[in-house]
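Structure first, commentary second.
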Amino acid sequence: MWSLTPQLFRIADRMKARQRIQCQPVSQSISSYSRSVPLVSPLMFFETMARATRSNISAREALLMHAHLMPSDTAWSQLQHDLQSHCEVAHAIQRACDSGKNNEILPLLLSALSHGVFIPEALDYAVSISRTNMHTAQKLQAATAHARITMRILSILPIVIVIVSSVGSSRFRSSLHIPAVLLLMFFGIAINRLGAWWVSRLIHGATNTQVHNEIVPLIEQFTVSVKAGLSIPDACARWRVVNQVGSRISQQLEMGNSLALSLQPLEELADPLAAVVTDALTTALNDGQPVRDTAAILVAEARHAQQQHIETRIRQLSTKLSLPVVFCVLPSFVLLTLVPLIVAPILNIGTSLPSPLS
């Protein structure tokens, strides 16, 4: 059995490599879209909206025309209903943002809108953001592919050995009739499943791009708003739909406070990037510096912070995965494979000894 383990790992790696090498078709016919399955991707959606805008299609008509690209959730359904009810486009997107949390498309879509019209340059930058986020997710998936398949094999291998041993070993089958052995095996299966769940949570946390620096989405939103022609205060006011920090800053601006005072929630974050954002925005507003130059500086800082964040996740993952291996996977392997063969003869000693003479 142990001699087959390296071959199992090689087969699993080959299968994973074939899955990643095979390219998936990007374009599909419109009739194949289903409202019950969210086939939309941010990159595809923004590219489609940019092409429609350059074709002199209004914002309302472009959104309704490409309704088949929208996922079937509450936010998009409400947006489509409001647009069909002739609600103002900005107000409709704002309501959809409020009802659809953790939606990465709607906030950028709202930032690309200026006076009821989508700005193609802003949509193009939203495409760039979506492409960067997609590459980031792919990089995380590729970096953790070997760890995921390895941990999956380690969690499944003890159960496979139990099945093979119960079929091929009469001694192992006889040990299954002992209540103590069954109890230990049930406990081994329980901690094995616990270890598999623990591993999946660690890998999901490392590859989930939603769990990220709170400042980077603000910078992305700000840059799209600047491409749409908004001023610095107006661009920061649209942070309300991004996250809680952005909502606090937007509320301060709506109350009439200065930009420096409104950006104080950023200073409460223990992140060096917060000080860079605060200093760059206040300096650009006070000195009259070009807004696009400020946005370019912030984007460069955001990309650098994002790259460091990804590298930190990847380096920490191998250390974190050692915990479920030590406390769950290895003990379950011992309980499921070795304990039945060791405990069963010990418990049967009493039944095999001759009875004492009276």
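Residues are named by chain letter and number: chains run A, B, ... in the order of the structure tokens, numbers start at 1 in each chain, and ligands are numbered from 1 in the order shown.
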
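For range 88-205 of chain A, backbone-based DSSP labels the following residues as strand (DSSP E or B): Leu113, Ser114, Val117 and Phe118 of chain A.
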
Produce a file of the selected residues containing N, CA and C atoms, as an mmCIF file, in the first residue's frame.
data_model
loop_
_atom_site.group_PDB
_atom_site.id
_atom_site.type_symbol
_atom_site.label_atom_id
_atom_site.label_comp_id
_atom_site.auth_asym_id
_atom_site.auth_seq_id
_atom_site.Cartn_x
_atom_site.Cartn_y
_atom_site.Cartn_z
ATOM 1 N N LEU A 113 -20.357 55.764 -14.188
ATOM 2 C CA LEU A 113 -21.503 56.544 -14.647
ATOM 3 C C LEU A 113 -21.318 58.010 -14.273
ATOM 4 N N SER A 114 -21.538 58.878 -15.223
ATOM 5 C CA SER A 114 -21.428 60.313 -14.992
ATOM 6 C C SER A 114 -22.589 61.016 -15.692
ATOM 7 N N VAL A 117 -24.675 58.801 -17.980
ATOM 8 C CA VAL A 117 -24.015 58.248 -19.158
ATOM 9 C C VAL A 117 -22.781 57.480 -18.717
ATOM 10 N N PHE A 118 -22.604 56.290 -19.271
ATOM 11 C CA PHE A 118 -21.394 55.521 -18.998
ATOM 12 C C PHE A 118 -20.230 56.105 -19.798
#

Phe327 in chain A surroundings by only C-alpha atoms, 10 Å radius, close-in-sequence under 5 positions cut, as a ChimeraX atom specification: /A:191-192,194-195,322,332

Take the selection from the previous step and output its residues with N, CA and C atoms, as a PDB file, in the first residue's frame.
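So the final result, stored in selection_29.pdb, reads:
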ATOM      1  N   ILE A 191     -12.680  12.717  13.330  1.00  0.00           N
ATOM      2  CA  ILE A 191     -11.573  13.675  13.275  1.00  0.00           C
ATOM      3  C   ILE A 191     -10.988  13.760  11.870  1.00  0.00           C
ATOM      4  N   ASN A 192     -11.149  12.697  11.064  1.00  0.00           N
ATOM      5  CA  ASN A 192     -10.723  12.772   9.671  1.00  0.00           C
ATOM      6  C   ASN A 192     -11.560  13.785   8.905  1.00  0.00           C
ATOM      7  N   LEU A 194     -13.239  16.208  10.279  1.00  0.00           N
ATOM      8  CA  LEU A 194     -12.918  17.510  10.853  1.00  0.00           C
ATOM      9  C   LEU A 194     -11.658  18.086  10.224  1.00  0.00           C
ATOM     10  N   GLY A 195     -10.664  17.235  10.027  1.00  0.00           N
ATOM     11  CA  GLY A 195      -9.445  17.701   9.388  1.00  0.00           C
ATOM     12  C   GLY A 195      -9.682  18.138   7.947  1.00  0.00           C
ATOM     13  N   SER A 322      -0.187  22.538   8.340  1.00  0.00           N
ATOM     14  CA  SER A 322       0.432  21.530   9.205  1.00  0.00           C
ATOM     15  C   SER A 322      -0.406  21.266  10.459  1.00  0.00           C
ATOM     16  N   SER A 332      -6.240  10.326  12.752  1.00  0.00           N
ATOM     17  CA  SER A 332      -7.286   9.523  12.125  1.00  0.00           C
ATOM     18  C   SER A 332      -6.689   8.357  11.352  1.00  0.00           C
TER      19      SER A 332
END

Smallest atom-to-atom distance to Leu266 in chain A: which of A:Ile314, A:Ala196, A:Ala302, A:Ile215, using only C-alpha atoms? A:Ile215

Quick one: residues within 12 Å of Leu176 in chain A, only C-alpha atoms counted, chain neighbours fewer than 6 positions away excluded, as a PDB file with N, CA and C atoms, in the first residue's frame?
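See result.pdb below for the written result:
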ATOM      1  N   VAL A 162      -9.056   1.518   5.004  1.00  0.00           N
ATOM      2  CA  VAL A 162     -10.023   0.772   5.811  1.00  0.00           C
ATOM      3  C   VAL A 162     -10.893  -0.104   4.924  1.00  0.00           C
ATOM      4  N   ILE A 163     -11.353   0.445   3.792  1.00  0.00           N
ATOM      5  CA  ILE A 163     -12.201  -0.344   2.894  1.00  0.00           C
ATOM      6  C   ILE A 163     -11.435  -1.520   2.305  1.00  0.00           C
ATOM      7  N   SER A 165      -8.726  -2.965   3.534  1.00  0.00           N
ATOM      8  CA  SER A 165      -8.381  -3.923   4.594  1.00  0.00           C
ATOM      9  C   SER A 165      -9.589  -4.748   5.005  1.00  0.00           C
ATOM     10  N   SER A 166     -10.764  -4.128   5.070  1.00  0.00           N
ATOM     11  CA  SER A 166     -11.964  -4.888   5.445  1.00  0.00           C
ATOM     12  C   SER A 166     -12.341  -5.905   4.388  1.00  0.00           C
ATOM     13  N   VAL A 167     -11.965  -5.649   3.131  1.00  0.00           N
ATOM     14  CA  VAL A 167     -12.266  -6.608   2.065  1.00  0.00           C
ATOM     15  C   VAL A 167     -11.219  -7.711   1.999  1.00  0.00           C
ATOM     16  N   SER A 169      -8.693  -8.539   4.402  1.00  0.00           N
ATOM     17  CA  SER A 169      -8.121  -9.110   5.617  1.00  0.00           C
ATOM     18  C   SER A 169      -9.240  -9.624   6.517  1.00  0.00           C
ATOM     19  N   SER A 170      -9.228 -10.913   6.769  1.00  0.00           N
ATOM     20  CA  SER A 170     -10.225 -11.503   7.670  1.00  0.00           C
ATOM     21  C   SER A 170      -9.981 -11.070   9.115  1.00  0.00           C
ATOM     22  N   LEU A 182     -14.913  -0.454  17.101  1.00  0.00           N
ATOM     23  CA  LEU A 182     -15.851   0.355  16.326  1.00  0.00           C
ATOM     24  C   LEU A 182     -15.917   1.788  16.844  1.00  0.00           C
ATOM     25  N   LEU A 183     -15.886   1.934  18.171  1.00  0.00           N
ATOM     26  CA  LEU A 183     -15.925   3.277  18.751  1.00  0.00           C
ATOM     27  C   LEU A 183     -14.695   4.090  18.350  1.00  0.00           C
ATOM     28  N   LEU A 184     -13.529   3.447  18.396  1.00  0.00           N
ATOM     29  CA  LEU A 184     -12.304   4.140  17.992  1.00  0.00           C
ATOM     30  C   LEU A 184     -12.322   4.500  16.509  1.00  0.00           C
ATOM     31  N   MET A 185     -12.892   3.619  15.689  1.00  0.00           N
ATOM     32  CA  MET A 185     -12.945   3.898  14.263  1.00  0.00           C
ATOM     33  C   MET A 185     -13.918   5.034  13.956  1.00  0.00           C
ATOM     34  N   PHE A 186     -15.043   5.054  14.648  1.00  0.00           N
ATOM     35  CA  PHE A 186     -15.979   6.166  14.463  1.00  0.00           C
ATOM     36  C   PHE A 186     -15.335   7.494  14.873  1.00  0.00           C
ATOM     37  N   LEU A 336      -7.750   4.568  12.299  1.00  0.00           N
ATOM     38  CA  LEU A 336      -8.501   3.796  11.313  1.00  0.00           C
ATOM     39  C   LEU A 336      -7.722   2.616  10.750  1.00  0.00           C
ATOM     40  N   THR A 337      -6.415   2.656  10.762  1.00  0.00           N
ATOM     41  CA  THR A 337      -5.631   1.605  10.114  1.00  0.00           C
ATOM     42  C   THR A 337      -4.838   0.732  11.087  1.00  0.00           C
ATOM     43  N   VAL A 339      -4.918   0.904  14.824  1.00  0.00           N
ATOM     44  CA  VAL A 339      -5.553   0.544  16.098  1.00  0.00           C
ATOM     45  C   VAL A 339      -6.397  -0.718  15.992  1.00  0.00           C
ATOM     46  N   PRO A 340      -7.229  -0.903  14.934  1.00  0.00           N
ATOM     47  CA  PRO A 340      -8.008  -2.159  14.883  1.00  0.00           C
ATOM     48  C   PRO A 340      -7.138  -3.407  14.876  1.00  0.00           C
ATOM     49  N   LEU A 341      -5.980  -3.349  14.238  1.00  0.00           N
ATOM     50  CA  LEU A 341      -5.109  -4.525  14.189  1.00  0.00           C
ATOM     51  C   LEU A 341      -4.344  -4.746  15.482  1.00  0.00           C
ATOM     52  N   VAL A 343      -5.529  -3.385  18.751  1.00  0.00           N
ATOM     53  CA  VAL A 343      -6.432  -3.492  19.896  1.00  0.00           C
ATOM     54  C   VAL A 343      -7.214  -4.793  19.875  1.00  0.00           C
ATOM     55  N   ALA A 344      -7.602  -5.249  18.687  1.00  0.00           N
ATOM     56  CA  ALA A 344      -8.435  -6.452  18.601  1.00  0.00           C
ATOM     57  C   ALA A 344      -7.770  -7.673  19.232  1.00  0.00           C
ATOM     58  N   PRO A 345      -6.492  -8.005  18.937  1.00  0.00           N
ATOM     59  CA  PRO A 345      -5.876  -9.161  19.613  1.00  0.00           C
ATOM     60  C   PRO A 345      -5.773  -8.992  21.127  1.00  0.00           C
TER      61      PRO A 345
END

May I ask which of the residues A:Thr132, A:Thr150, A:Gln252, A:Gln94 is the closest one to Ser200 in chain A, counting only C-alpha atoms? A:Thr150

Could you go through range 91-132 of chain A and tell me which residues DSSP, when run on the backbone, assigns to helix (DSSP H, G or I), listing them as a compact mmCIF listing (two decimals) with N, CA and C atoms, in the first residue's frame?
# COMPACT_ATOMS: atom_id res chain seq x y z
N HIS A 91 -29.77 56.15 -9.72
CA HIS A 91 -30.54 55.74 -8.54
C HIS A 91 -30.81 54.24 -8.55
N ALA A 92 -31.07 53.69 -9.73
CA ALA A 92 -31.33 52.25 -9.82
C ALA A 92 -30.09 51.44 -9.45
N ILE A 93 -28.92 51.87 -9.94
CA ILE A 93 -27.69 51.15 -9.59
C ILE A 93 -27.38 51.32 -8.11
N GLN A 94 -27.67 52.52 -7.56
CA GLN A 94 -27.44 52.76 -6.14
C GLN A 94 -28.29 51.83 -5.29
N ARG A 95 -29.56 51.67 -5.64
CA ARG A 95 -30.44 50.76 -4.90
C ARG A 95 -29.97 49.31 -5.02
N ALA A 96 -29.50 48.95 -6.20
CA ALA A 96 -29.00 47.58 -6.38
C ALA A 96 -27.75 47.35 -5.54
N CYS A 97 -26.89 48.36 -5.44
CA CYS A 97 -25.69 48.24 -4.59
C CYS A 97 -26.07 48.06 -3.13
N ASP A 98 -27.10 48.78 -2.69
CA ASP A 98 -27.52 48.68 -1.29
C ASP A 98 -28.11 47.31 -0.97
N SER A 99 -28.77 46.69 -1.94
CA SER A 99 -29.40 45.38 -1.69
C SER A 99 -28.48 44.22 -1.98
N ILE A 105 -19.28 44.03 -9.23
CA ILE A 105 -19.60 44.68 -10.49
C ILE A 105 -20.34 45.99 -10.28
N LEU A 106 -21.34 45.99 -9.41
CA LEU A 106 -22.22 47.15 -9.28
C LEU A 106 -21.48 48.41 -8.81
N PRO A 107 -20.60 48.35 -7.78
CA PRO A 107 -19.91 49.59 -7.38
C PRO A 107 -19.06 50.19 -8.50
N LEU A 108 -18.36 49.34 -9.25
CA LEU A 108 -17.57 49.86 -10.37
C LEU A 108 -18.47 50.39 -11.47
N LEU A 109 -19.61 49.76 -11.67
CA LEU A 109 -20.56 50.24 -12.68
C LEU A 109 -21.09 51.62 -12.30
N LEU A 110 -21.35 51.81 -11.01
CA LEU A 110 -21.81 53.12 -10.56
C LEU A 110 -20.72 54.18 -10.72
N SER A 111 -19.47 53.80 -10.49
CA SER A 111 -18.36 54.76 -10.62
C SER A 111 -18.13 55.17 -12.06
N PRO A 120 -16.79 55.46 -21.56
CA PRO A 120 -16.04 54.29 -22.06
C PRO A 120 -14.67 54.12 -21.40
N GLU A 121 -13.96 55.22 -21.16
CA GLU A 121 -12.64 55.11 -20.55
C GLU A 121 -12.73 54.52 -19.14
N ALA A 122 -13.77 54.91 -18.41
CA ALA A 122 -13.97 54.35 -17.06
C ALA A 122 -14.31 52.87 -17.13
N LEU A 123 -15.13 52.49 -18.11
CA LEU A 123 -15.45 51.07 -18.28
C LEU A 123 -14.22 50.27 -18.68
N ASP A 124 -13.36 50.88 -19.50
CA ASP A 124 -12.12 50.19 -19.88
C ASP A 124 -11.23 49.94 -18.66
N TYR A 125 -11.20 50.91 -17.76
CA TYR A 125 -10.38 50.69 -16.56
C TYR A 125 -11.03 49.66 -15.65
N ALA A 126 -12.37 49.61 -15.64
CA ALA A 126 -13.04 48.54 -14.89
C ALA A 126 -12.70 47.17 -15.47
N VAL A 127 -12.55 47.11 -16.79
CA VAL A 127 -12.10 45.87 -17.43
C VAL A 127 -10.70 45.51 -16.95
N SER A 128 -9.83 46.50 -16.85
CA SER A 128 -8.46 46.26 -16.37
C SER A 128 -8.46 45.76 -14.93
N ILE A 129 -9.31 46.33 -14.09
CA ILE A 129 -9.40 45.89 -12.71
C ILE A 129 -9.90 44.45 -12.63
N SER A 130 -10.93 44.14 -13.42
CA SER A 130 -11.47 42.78 -13.42
C SER A 130 -10.45 41.77 -13.91
N ARG A 131 -9.68 42.17 -14.93
CA ARG A 131 -8.65 41.26 -15.44
C ARG A 131 -7.56 41.02 -14.39
N THR A 132 -7.18 42.07 -13.69
CA THR A 132 -6.16 41.92 -12.65
C THR A 132 -6.67 41.04 -11.52

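Between CA of Leu140 in chain A and CA of Glu311 in chain A there is a distance of 9.1 Å.
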